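Pasted below: my_file_39.pdb, PDB, C-alpha atoms.
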ATOM      1  CA  MET B   1      19.997   4.812  -2.414
ATOM      2  CA  MET B   2      18.893   7.523   0.028
ATOM      3  CA  LYS B   3      15.239   6.651  -0.577
ATOM      4  CA  LYS B   4      15.915   2.966   0.110
ATOM      5  CA  ASN B   5      17.804   3.860   3.302
ATOM      6  CA  LEU B   6      14.893   6.059   4.429
ATOM      7  CA  PHE B   7      12.510   3.133   4.005
ATOM      8  CA  LEU B   8      14.808   0.842   6.036
ATOM      9  CA  ILE B   9      15.171   3.441   8.807
ATOM     10  CA  LEU B  10      11.388   3.850   9.062
ATOM     11  CA  PHE B  11      10.953   0.074   9.283
ATOM     12  CA  ALA B  12      13.611  -0.135  12.027
ATOM     13  CA  LEU B  13      11.844   2.620  13.984
ATOM     14  CA  MET B  14       8.574   0.695  13.697
ATOM     15  CA  CYS B  15      10.206  -2.408  15.191
ATOM     16  CA  SER B  16      11.937  -0.527  18.030
ATOM     17  CA  PHE B  17       9.127   1.878  18.981
ATOM     18  CA  PRO B  18       8.813   2.300  22.764
ATOM     19  CA  VAL B  19       6.190   0.311  24.617
ATOM     20  CA  PHE B  20       2.918   2.102  25.351
ATOM     21  CA  SER B  21       0.072   0.999  27.583
ATOM     22  CA  GLN B  22      -0.927  -1.795  25.205
ATOM     23  CA  ILE B  23       0.565  -3.471  22.157
ATOM     24  CA  SER B  24      -1.189  -5.884  19.808
ATOM     25  CA  TRP B  25      -0.235  -7.567  16.559
ATOM     26  CA  ASN B  26      -2.388  -8.323  13.559
ATOM     27  CA  VAL B  27      -2.224 -10.047  10.194
ATOM     28  CA  LYS B  28      -4.218  -8.969   7.167
ATOM     29  CA  ALA B  29      -4.887  -9.938   3.577
ATOM     30  CA  GLY B  30      -7.096  -8.569   0.835
ATOM     31  CA  PHE B  31      -7.108  -6.989  -2.569
ATOM     32  CA  ASN B  32      -6.239  -3.681  -4.202
ATOM     33  CA  MET B  33      -8.120  -1.694  -6.810
ATOM     34  CA  SER B  34      -5.342   0.436  -8.278
ATOM     35  CA  ASN B  35      -4.759   2.886 -11.096
ATOM     36  CA  TRP B  36      -2.591   5.853 -12.067
ATOM     37  CA  SER B  37      -3.806   9.355 -11.316
ATOM     38  CA  LYS B  38      -3.585  10.620 -14.915
ATOM     39  CA  GLY B  39      -4.155   9.190 -18.354
ATOM     40  CA  SER B  40      -6.845   6.864 -19.674
ATOM     41  CA  SER B  41      -6.634   3.429 -18.062
ATOM     42  CA  ASP B  42      -8.695   0.780 -16.292
ATOM     43  CA  THR B  43      -8.666  -0.248 -12.661
ATOM     44  CA  LYS B  44      -6.328  -3.151 -11.898
ATOM     45  CA  PHE B  45      -7.288  -5.711  -9.244
ATOM     46  CA  ASP B  46      -4.485  -7.302  -7.245
ATOM     47  CA  PHE B  47      -3.428  -8.442  -3.753
ATOM     48  CA  LEU B  48      -2.078  -7.164  -0.472
ATOM     49  CA  CYS B  49      -0.956  -9.002   2.665
ATOM     50  CA  GLY B  50       1.128  -8.242   5.707
ATOM     51  CA  ILE B  51       1.493  -7.745   9.431
ATOM     52  CA  GLY B  52       0.785  -4.790  11.681
ATOM     53  CA  ILE B  53       1.359  -3.492  15.187
ATOM     54  CA  GLU B  54      -0.961  -1.307  17.226
ATOM     55  CA  TYR B  55       0.473   0.915  19.954
ATOM     56  CA  ALA B  56      -2.521   2.020  22.024
ATOM     57  CA  PHE B  57      -2.165   5.257  23.994
ATOM     58  CA  ASP B  58      -5.557   4.783  25.630
ATOM     59  CA  GLN B  59      -8.922   3.210  24.772
ATOM     60  CA  THR B  60      -9.443   5.666  21.890
ATOM     61  CA  TRP B  61      -6.153   6.742  20.313
ATOM     62  CA  ALA B  62      -3.515   4.494  18.779
ATOM     63  CA  LEU B  63      -0.657   4.353  16.285
ATOM     64  CA  GLN B  64      -0.860   1.575  13.675
ATOM     65  CA  PRO B  65       2.295   0.907  11.603
ATOM     66  CA  SER B  66       2.220  -2.065   9.217
ATOM     67  CA  LEU B  67       4.542  -3.853   6.824
ATOM     68  CA  LEU B  68       2.740  -4.966   3.670
ATOM     69  CA  ILE B  69       3.438  -6.613   0.351
ATOM     70  CA  SER B  70       1.166  -4.688  -1.998
ATOM     71  CA  SER B  71       0.705  -5.087  -5.745
ATOM     72  CA  LYS B  72      -0.483  -2.025  -7.670
ATOM     73  CA  GLY B  73      -0.430  -0.740 -11.235
ATOM     74  CA  LYS B  74      -2.848  -0.184 -14.097
ATOM     75  CA  LYS B  75      -4.395  -1.756 -17.191
ATOM     76  CA  GLN B  76      -4.696   0.188 -20.418
ATOM     77  CA  SER B  77      -6.317  -0.682 -23.756
ATOM     78  CA  LEU B  78      -4.121   0.250 -26.692
ATOM     79  CA  SER B  79      -4.579  -0.074 -30.445
ATOM     80  CA  THR B  80      -2.194  -3.033 -30.339
ATOM     81  CA  GLY B  81      -3.831  -4.759 -27.339
ATOM     82  CA  THR B  82      -3.882  -4.440 -23.561
ATOM     83  CA  MET B  83      -0.947  -3.255 -21.503
ATOM     84  CA  THR B  84      -0.844  -4.360 -17.837
ATOM     85  CA  VAL B  85       1.626  -2.662 -15.490
ATOM     86  CA  ASN B  86       2.368  -4.611 -12.283
ATOM     87  CA  GLN B  87       4.147  -2.788  -9.448
ATOM     88  CA  VAL B  88       4.910  -4.874  -6.336
ATOM     89  CA  TYR B  89       5.935  -2.866  -3.268
ATOM     90  CA  ALA B  90       7.129  -3.456   0.254
ATOM     91  CA  GLU B  91       4.960  -0.837   1.933
ATOM     92  CA  LEU B  92       5.035   0.821   5.350
ATOM     93  CA  PRO B  93       1.866   2.735   6.245
ATOM     94  CA  VAL B  94       1.927   4.566   9.603
ATOM     95  CA  MET B  95      -1.651   5.386  10.579
ATOM     96  CA  ALA B  96      -2.992   7.403  13.496
ATOM     97  CA  ALA B  97      -6.234   5.766  14.597
ATOM     98  CA  ALA B  98      -9.305   6.616  16.656
ATOM     99  CA  ARG B  99     -11.398   3.738  18.030
ATOM    100  CA  LEU B 100     -15.131   4.339  18.540
ATOM    101  CA  ARG B 101     -16.905   1.782  20.706
ATOM    102  CA  VAL B 102     -20.211   0.522  19.294
ATOM    103  CA  SER B 103     -20.946  -2.269  21.766
ATOM    104  CA  ASP B 104     -19.131  -4.998  23.625
ATOM    105  CA  ASN B 105     -16.408  -6.397  21.341
ATOM    106  CA  VAL B 106     -17.538  -4.209  18.401
ATOM    107  CA  ASN B 107     -15.632  -1.063  17.395
ATOM    108  CA  ILE B 108     -15.316   1.264  14.423
ATOM    109  CA  VAL B 109     -11.757   2.465  13.809
ATOM    110  CA  LEU B 110     -10.968   5.568  11.745
ATOM    111  CA  SER B 111      -7.369   5.988  10.563
ATOM    112  CA  ALA B 112      -5.201   8.303   8.489
ATOM    113  CA  GLY B 113      -1.517   8.929   7.902
ATOM    114  CA  PRO B 114       1.421   8.615   5.512
ATOM    115  CA  TYR B 115       2.725   5.570   3.705
ATOM    116  CA  PHE B 116       6.168   4.804   2.314
ATOM    117  CA  ALA B 117       6.863   2.096  -0.263
ATOM    118  CA  TYR B 118       9.769   0.561  -2.147
ATOM    119  CA  GLY B 119       9.383  -1.379  -5.401
ATOM    120  CA  ILE B 120      10.591  -4.967  -5.095
ATOM    121  CA  GLY B 121       9.348  -6.431  -8.380
ATOM    122  CA  GLY B 122       6.769  -6.467 -11.103
ATOM    123  CA  LYS B 123       6.358  -7.124 -14.808
ATOM    124  CA  THR B 124       4.664  -5.149 -17.549
ATOM    125  CA  SER B 125       2.887  -7.240 -20.186
ATOM    126  CA  TRP B 126       1.678  -6.259 -23.636
ATOM    127  CA  SER B 127      -0.963  -8.842 -24.713
ATOM    128  CA  ASP B 128       1.739 -11.223 -26.034
ATOM    129  CA  ILE B 129       2.876  -8.629 -28.582
ATOM    130  CA  TYR B 130       6.189  -8.138 -26.784
ATOM    131  CA  ASP B 131       8.009 -10.078 -24.099
ATOM    132  CA  ASP B 132       7.196  -9.093 -20.533
ATOM    133  CA  GLU B 133       9.415  -6.315 -19.220
ATOM    134  CA  ASN B 134      10.627  -5.421 -15.732
ATOM    135  CA  THR B 135       8.500  -2.538 -14.477
ATOM    136  CA  PHE B 136      11.239  -0.932 -12.376
ATOM    137  CA  GLU B 137      14.068  -1.338 -14.906
ATOM    138  CA  ASN B 138      14.596   0.329 -18.269
ATOM    139  CA  ASP B 139      14.696  -2.446 -20.866
ATOM    140  CA  GLY B 140      14.423  -0.021 -23.784
ATOM    141  CA  LEU B 141      10.904  -1.019 -24.826
ATOM    142  CA  SER B 142       8.762   1.872 -23.624
ATOM    143  CA  ASP B 143       8.722   4.929 -21.389
ATOM    144  CA  VAL B 144       6.409   2.959 -19.072
ATOM    145  CA  MET B 145       9.495   1.048 -17.936
ATOM    146  CA  ASP B 146      12.043   2.335 -15.452
ATOM    147  CA  LEU B 147       9.536   3.512 -12.855
ATOM    148  CA  ASP B 148      10.988   4.968  -9.665
ATOM    149  CA  LYS B 149      11.131   2.335  -6.937
ATOM    150  CA  PHE B 150      10.346   4.773  -4.111
ATOM    151  CA  ASP B 151       6.751   5.840  -3.553
ATOM    152  CA  ALA B 152       5.113   7.809  -0.761
ATOM    153  CA  GLY B 153       1.715   9.333  -0.112
ATOM    154  CA  ILE B 154      -1.186   9.571   2.279
ATOM    155  CA  GLY B 155      -3.820   7.032   3.208
ATOM    156  CA  SER B 156      -7.029   6.778   5.181
ATOM    157  CA  GLY B 157      -9.406   4.033   6.136
ATOM    158  CA  VAL B 158     -12.265   2.760   8.237
ATOM    159  CA  ALA B 159     -12.383  -0.643   9.914
ATOM    160  CA  LEU B 160     -14.996  -2.704  11.701
ATOM    161  CA  GLU B 161     -13.625  -4.745  14.600
ATOM    162  CA  ILE B 162     -15.718  -7.676  15.797
ATOM    163  CA  SER B 163     -13.889  -9.297  18.701
ATOM    164  CA  ARG B 164     -10.474 -10.111  17.173
ATOM    165  CA  PHE B 165     -11.590  -9.983  13.541
ATOM    166  CA  ILE B 166     -11.117  -6.870  11.382
ATOM    167  CA  ILE B 167     -12.798  -5.856   8.131
ATOM    168  CA  SER B 168     -11.388  -2.677   6.611
ATOM    169  CA  ILE B 169     -11.595  -0.472   3.556
ATOM    170  CA  GLY B 170      -9.169   2.285   2.678
ATOM    171  CA  GLY B 171      -7.617   4.530   0.095
ATOM    172  CA  GLU B 172      -4.089   5.630  -0.787
ATOM    173  CA  TRP B 173      -3.063   8.629  -2.856
ATOM    174  CA  GLY B 174       0.542   8.868  -4.034
ATOM    175  CA  LEU B 175       2.396  12.162  -3.745
ATOM    176  CA  THR B 176       5.486  11.190  -5.759
ATOM    177  CA  ASN B 177       5.721  10.921  -9.540
ATOM    178  CA  LEU B 178       6.139   7.350 -10.733
ATOM    179  CA  GLY B 179       9.040   8.185 -13.032
ATOM    180  CA  SER B 180      10.096  10.072 -16.128
ATOM    181  CA  ILE B 181       6.739   9.573 -17.869
ATOM    182  CA  ASN B 182       5.755  12.810 -19.598
ATOM    183  CA  TYR B 183       2.381  13.240 -17.846
ATOM    184  CA  SER B 184       3.750  12.627 -14.305
ATOM    185  CA  PRO B 185       1.262  10.047 -12.970
ATOM    186  CA  LYS B 186       0.973   8.992  -9.343
ATOM    187  CA  ASN B 187      -0.377   5.844  -7.714
ATOM    188  CA  GLU B 188      -4.004   5.709  -6.605
ATOM    189  CA  ASN B 189      -5.227   2.676  -4.711
ATOM    190  CA  TYR B 190      -8.308   1.461  -2.835
ATOM    191  CA  THR B 191      -8.244  -1.580  -0.575
ATOM    192  CA  LEU B 192     -10.544  -4.130   1.010
ATOM    193  CA  SER B 193      -8.997  -6.452   3.570
ATOM    194  CA  VAL B 194      -9.735  -8.786   6.450
ATOM    195  CA  GLY B 195      -7.509  -9.323   9.448
ATOM    196  CA  TYR B 196      -7.077 -10.938  12.826
ATOM    197  CA  LYS B 197      -5.666  -9.397  16.033
ATOM    198  CA  PHE B 198      -3.418 -11.290  18.445
TER     199      PHE B 198
END

Would you put the structure from the file into C-alpha cells?
Amino acid sequence: MMKKNLFLILFALMCSFPVFSQISWNVKAGFNMSNWSKGSSDTKFDFLCGIGIEYAFDQTWALQPSLLISSKGKKQSLSTGTMTVNQVYAELPVMAAARLRVSDNVNIVLSAGPYFAYGIGGKTSWSDIYDDENTFENDGLSDVMDLDKFDAGIGSGVALEISRFIISIGGEWGLTNLGSINYSPKNENYTLSVGYKF
C-alpha cells in the first residue's frame, strides 16, 4: 500500500509542479524490448504510450516527467514449450534533460533520471499447456506468478527533435527485485518511440 501511495504522490507532484519559464506537452508511442536481468530468456517486444510535460529552466536544461503505459516482461523456452510473461505498468519517469542545438528547429536531447512504476495488469502464458495466469497475483501455478507490483530504477535516453516531432531511444534498468523468485531478477528495458510536442 505504501508503494502505491508513493506512486500516486509522485504523479500528483508532477501535475502540480510550479511553472517555470516555459512548459510544453508531448505525446509519444513506441515499442519496448524487455527482458529480466538474470536467467536464460529471450527479448520480448511490446508497446509503450503516454503523455509528458517539459519544464524548461532555460534553452538548455529541462525537467521531463511523463506518465506512460508500458508493457514489459520476458519470453523463455522451456522443455514443455514457451513461457511469456507480460507485465503492464503505469510508469512515471522523471528525466533531467540537456538540449543541444544542431540547427534551426533541430536539437539533440540527452536525458537521465529515475523511474517509478506500478503493475496494473498482465498475463503469463505457457504455450497452451496451462491456462493463462495473472502475472501480479499468485494463482498457485508457478513461482513466476505473484510478482511485486511496484518497480523502480534508472533510465537514460537520447532524442532527436525536428521541429515538433521527436524520435527517441532509451534504456531502463530496474533496481528492485521483481518478487520472491529465487534468483532475484530485475526489469531491463530498451525503447524506441516517436512523439509530438504541443

Using all atoms listed in the file, which residue out of B:Gly52, B:Ser40, B:Ala98, B:Thr84 lies closest to Tyr196 of chain B? B:Gly52

Could you pull the residues within 9 Å of Arg99 of chain B, counting all atoms listed in the file, minus those fewer than 4 positions along the same chain, as a list in words? Gln59, Thr60, Trp61, Ala62, Asn107, Ile108, Val109, Leu110 and Ser111 of chain B

Evaluate the PyMOL selection byres ((chain B and resi 181-185) around 12) and record the selected residues as a PyMOL selection string, following the chain and residue labels used in the document. chain B and resi 35-41+73-74+142-148+151+173-180+186-188

Write to file, as a CSV table (one decimal), in the coordinates of the input, the residues of the selection just made, with C-alpha atoms.
chain,number,residue,atom,x,y,z
B,35,ASN,CA,-4.8,2.9,-11.1
B,36,TRP,CA,-2.6,5.9,-12.1
B,37,SER,CA,-3.8,9.4,-11.3
B,38,LYS,CA,-3.6,10.6,-14.9
B,39,GLY,CA,-4.2,9.2,-18.4
B,40,SER,CA,-6.8,6.9,-19.7
B,41,SER,CA,-6.6,3.4,-18.1
B,73,GLY,CA,-0.4,-0.7,-11.2
B,74,LYS,CA,-2.8,-0.2,-14.1
B,142,SER,CA,8.8,1.9,-23.6
B,143,ASP,CA,8.7,4.9,-21.4
B,144,VAL,CA,6.4,3.0,-19.1
B,145,MET,CA,9.5,1.0,-17.9
B,146,ASP,CA,12.0,2.3,-15.5
B,147,LEU,CA,9.5,3.5,-12.9
B,148,ASP,CA,11.0,5.0,-9.7
B,151,ASP,CA,6.8,5.8,-3.6
B,173,TRP,CA,-3.1,8.6,-2.9
B,174,GLY,CA,0.5,8.9,-4.0
B,175,LEU,CA,2.4,12.2,-3.7
B,176,THR,CA,5.5,11.2,-5.8
B,177,ASN,CA,5.7,10.9,-9.5
B,178,LEU,CA,6.1,7.4,-10.7
B,179,GLY,CA,9.0,8.2,-13.0
B,180,SER,CA,10.1,10.1,-16.1
B,186,LYS,CA,1.0,9.0,-9.3
B,187,ASN,CA,-0.4,5.8,-7.7
B,188,GLU,CA,-4.0,5.7,-6.6

List as an MDAnalysis selection string the protein and nucleic acid residues near segment 45-49 of chain B, meaning an atom at most 8 Å away when all atoms listed in the file are counted, but skip any in the same chain fewer than 4 places from it. chainID B and resid 27:34 68:72

For the point (-6.9, 7.4, 2.2) in the file's frame, write as number ranges by chain all residues with an atom no more than 10 Å away, counting only C-alpha atoms. B: 111-115, 153-158, 169-174, 188-191

Just want the 7 Å neighbourhood of Ser127 of chain B, counted on all atoms listed in the file, with same-chain residues fewer than 6 positions away dropped. Output as a PyMOL selection string. chain B and resi 81-83

Between atom CA of Asn134 of chain B and atom CA of Tyr89 of chain B, distance in Å (one decimal): 13.6 Å

Would you mind reading off the distance between atom CA of Leu92 of chain B and atom CA of Phe136 of chain B, one decimal, in Å?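 Atom-to-atom, atom CA of Leu92 of chain B and atom CA of Phe136 of chain B are spaced 18.9 Å apart.
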
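Shortest separation to Asp42 of chain B among B:Leu192, B:Ile23, B:Ala97, B:Leu78 occurs at residue B:Leu78, atoms counted being all atoms listed in the file.
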
May I ask for the distance between atom CA of Ile51 of chain B and atom CA of Trp25 of chain B, given in Å to one decimal place? 7.3 Å

Which residues come within 7 Å of segment 117-120 of chain B, counting all atoms listed in the file, excluding same-chain residues fewer than 5 positions away, as a ChimeraX atom specification? /B:4,87-92,149-152

Could you work out an axis-aligned bounding box for all listed atoms of segment 93-97 of chain B, with 3 Å added on each of the six sides, and give its centre and edge lengths in Å to one decimal, as AutoDock Vina command-line options?
--center_x -2.2 --center_y 5.1 --center_z 10.4 --size_x 14.2 --size_y 10.7 --size_z 14.4

Is there a way to complete segment 52-78 of chain B with N, CA and C atoms and then write that out as a PDB file, in the coordinates of the input?
ATOM      1  N   GLY B  52       0.868  -6.121  11.103  1.00  0.00           N
ATOM      2  CA  GLY B  52       0.785  -4.790  11.681  1.00  0.00           C
ATOM      3  C   GLY B  52       0.933  -4.827  13.184  1.00  0.00           C
ATOM      4  N   ILE B  53       1.255  -3.672  13.742  1.00  0.00           N
ATOM      5  CA  ILE B  53       1.359  -3.492  15.187  1.00  0.00           C
ATOM      6  C   ILE B  53       0.468  -2.321  15.571  1.00  0.00           C
ATOM      7  N   GLU B  54      -0.220  -2.451  16.689  1.00  0.00           N
ATOM      8  CA  GLU B  54      -0.961  -1.307  17.226  1.00  0.00           C
ATOM      9  C   GLU B  54      -0.381  -0.929  18.578  1.00  0.00           C
ATOM     10  N   TYR B  55       0.009   0.344  18.696  1.00  0.00           N
ATOM     11  CA  TYR B  55       0.473   0.915  19.954  1.00  0.00           C
ATOM     12  C   TYR B  55      -0.657   1.788  20.500  1.00  0.00           C
ATOM     13  N   ALA B  56      -1.362   1.303  21.495  1.00  0.00           N
ATOM     14  CA  ALA B  56      -2.521   2.020  22.024  1.00  0.00           C
ATOM     15  C   ALA B  56      -2.090   2.990  23.116  1.00  0.00           C
ATOM     16  N   PHE B  57      -2.430   4.264  22.956  1.00  0.00           N
ATOM     17  CA  PHE B  57      -2.165   5.257  23.994  1.00  0.00           C
ATOM     18  C   PHE B  57      -3.219   5.187  25.096  1.00  0.00           C
ATOM     19  N   ASP B  58      -4.458   4.958  24.692  1.00  0.00           N
ATOM     20  CA  ASP B  58      -5.557   4.783  25.630  1.00  0.00           C
ATOM     21  C   ASP B  58      -6.635   3.986  24.899  1.00  0.00           C
ATOM     22  N   GLN B  59      -7.862   4.002  25.386  1.00  0.00           N
ATOM     23  CA  GLN B  59      -8.922   3.210  24.772  1.00  0.00           C
ATOM     24  C   GLN B  59      -9.394   3.791  23.436  1.00  0.00           C
ATOM     25  N   THR B  60      -9.001   5.025  23.133  1.00  0.00           N
ATOM     26  CA  THR B  60      -9.443   5.666  21.890  1.00  0.00           C
ATOM     27  C   THR B  60      -8.328   5.804  20.870  1.00  0.00           C
ATOM     28  N   TRP B  61      -7.188   6.352  21.276  1.00  0.00           N
ATOM     29  CA  TRP B  61      -6.153   6.742  20.313  1.00  0.00           C
ATOM     30  C   TRP B  61      -5.048   5.705  20.221  1.00  0.00           C
ATOM     31  N   ALA B  62      -4.559   5.489  18.999  1.00  0.00           N
ATOM     32  CA  ALA B  62      -3.515   4.494  18.779  1.00  0.00           C
ATOM     33  C   ALA B  62      -2.690   4.858  17.551  1.00  0.00           C
ATOM     34  N   LEU B  63      -1.509   4.251  17.467  1.00  0.00           N
ATOM     35  CA  LEU B  63      -0.657   4.353  16.285  1.00  0.00           C
ATOM     36  C   LEU B  63      -0.574   2.961  15.665  1.00  0.00           C
ATOM     37  N   GLN B  64      -0.761   2.868  14.352  1.00  0.00           N
ATOM     38  CA  GLN B  64      -0.860   1.575  13.675  1.00  0.00           C
ATOM     39  C   GLN B  64       0.109   1.500  12.494  1.00  0.00           C
ATOM     40  N   PRO B  65       1.388   1.177  12.723  1.00  0.00           N
ATOM     41  CA  PRO B  65       2.295   0.907  11.603  1.00  0.00           C
ATOM     42  C   PRO B  65       2.123  -0.523  11.108  1.00  0.00           C
ATOM     43  N   SER B  66       2.334  -0.731   9.820  1.00  0.00           N
ATOM     44  CA  SER B  66       2.220  -2.065   9.217  1.00  0.00           C
ATOM     45  C   SER B  66       3.341  -2.252   8.212  1.00  0.00           C
ATOM     46  N   LEU B  67       3.637  -3.504   7.909  1.00  0.00           N
ATOM     47  CA  LEU B  67       4.542  -3.853   6.824  1.00  0.00           C
ATOM     48  C   LEU B  67       3.779  -4.753   5.868  1.00  0.00           C
ATOM     49  N   LEU B  68       3.584  -4.280   4.635  1.00  0.00           N
ATOM     50  CA  LEU B  68       2.740  -4.966   3.670  1.00  0.00           C
ATOM     51  C   LEU B  68       3.511  -5.303   2.404  1.00  0.00           C
ATOM     52  N   ILE B  69       3.087  -6.361   1.741  1.00  0.00           N
ATOM     53  CA  ILE B  69       3.438  -6.613   0.351  1.00  0.00           C
ATOM     54  C   ILE B  69       2.196  -6.244  -0.454  1.00  0.00           C
ATOM     55  N   SER B  70       2.322  -5.253  -1.313  1.00  0.00           N
ATOM     56  CA  SER B  70       1.166  -4.688  -1.998  1.00  0.00           C
ATOM     57  C   SER B  70       1.446  -4.561  -3.487  1.00  0.00           C
ATOM     58  N   SER B  71       0.562  -5.142  -4.294  1.00  0.00           N
ATOM     59  CA  SER B  71       0.705  -5.087  -5.745  1.00  0.00           C
ATOM     60  C   SER B  71      -0.251  -4.041  -6.315  1.00  0.00           C
ATOM     61  N   LYS B  72       0.295  -3.111  -7.087  1.00  0.00           N
ATOM     62  CA  LYS B  72      -0.483  -2.025  -7.670  1.00  0.00           C
ATOM     63  C   LYS B  72      -0.217  -1.968  -9.168  1.00  0.00           C
ATOM     64  N   GLY B  73      -0.693  -0.918  -9.817  1.00  0.00           N
ATOM     65  CA  GLY B  73      -0.430  -0.740 -11.235  1.00  0.00           C
ATOM     66  C   GLY B  73      -1.643  -0.239 -11.988  1.00  0.00           C
ATOM     67  N   LYS B  74      -1.720  -0.610 -13.272  1.00  0.00           N
ATOM     68  CA  LYS B  74      -2.848  -0.184 -14.097  1.00  0.00           C
ATOM     69  C   LYS B  74      -2.980  -1.128 -15.284  1.00  0.00           C
ATOM     70  N   LYS B  75      -4.150  -1.079 -15.923  1.00  0.00           N
ATOM     71  CA  LYS B  75      -4.395  -1.756 -17.191  1.00  0.00           C
ATOM     72  C   LYS B  75      -4.849  -0.709 -18.199  1.00  0.00           C
ATOM     73  N   GLN B  76      -4.346  -0.809 -19.409  1.00  0.00           N
ATOM     74  CA  GLN B  76      -4.696   0.188 -20.418  1.00  0.00           C
ATOM     75  C   GLN B  76      -4.897  -0.488 -21.769  1.00  0.00           C
ATOM     76  N   SER B  77      -6.022  -0.161 -22.422  1.00  0.00           N
ATOM     77  CA  SER B  77      -6.317  -0.682 -23.756  1.00  0.00           C
ATOM     78  C   SER B  77      -5.643   0.188 -24.805  1.00  0.00           C
ATOM     79  N   LEU B  78      -4.832  -0.447 -25.632  1.00  0.00           N
ATOM     80  CA  LEU B  78      -4.121   0.250 -26.692  1.00  0.00           C
ATOM     81  C   LEU B  78      -4.585  -0.281 -28.040  1.00  0.00           C
TER      82      LEU B  78
END
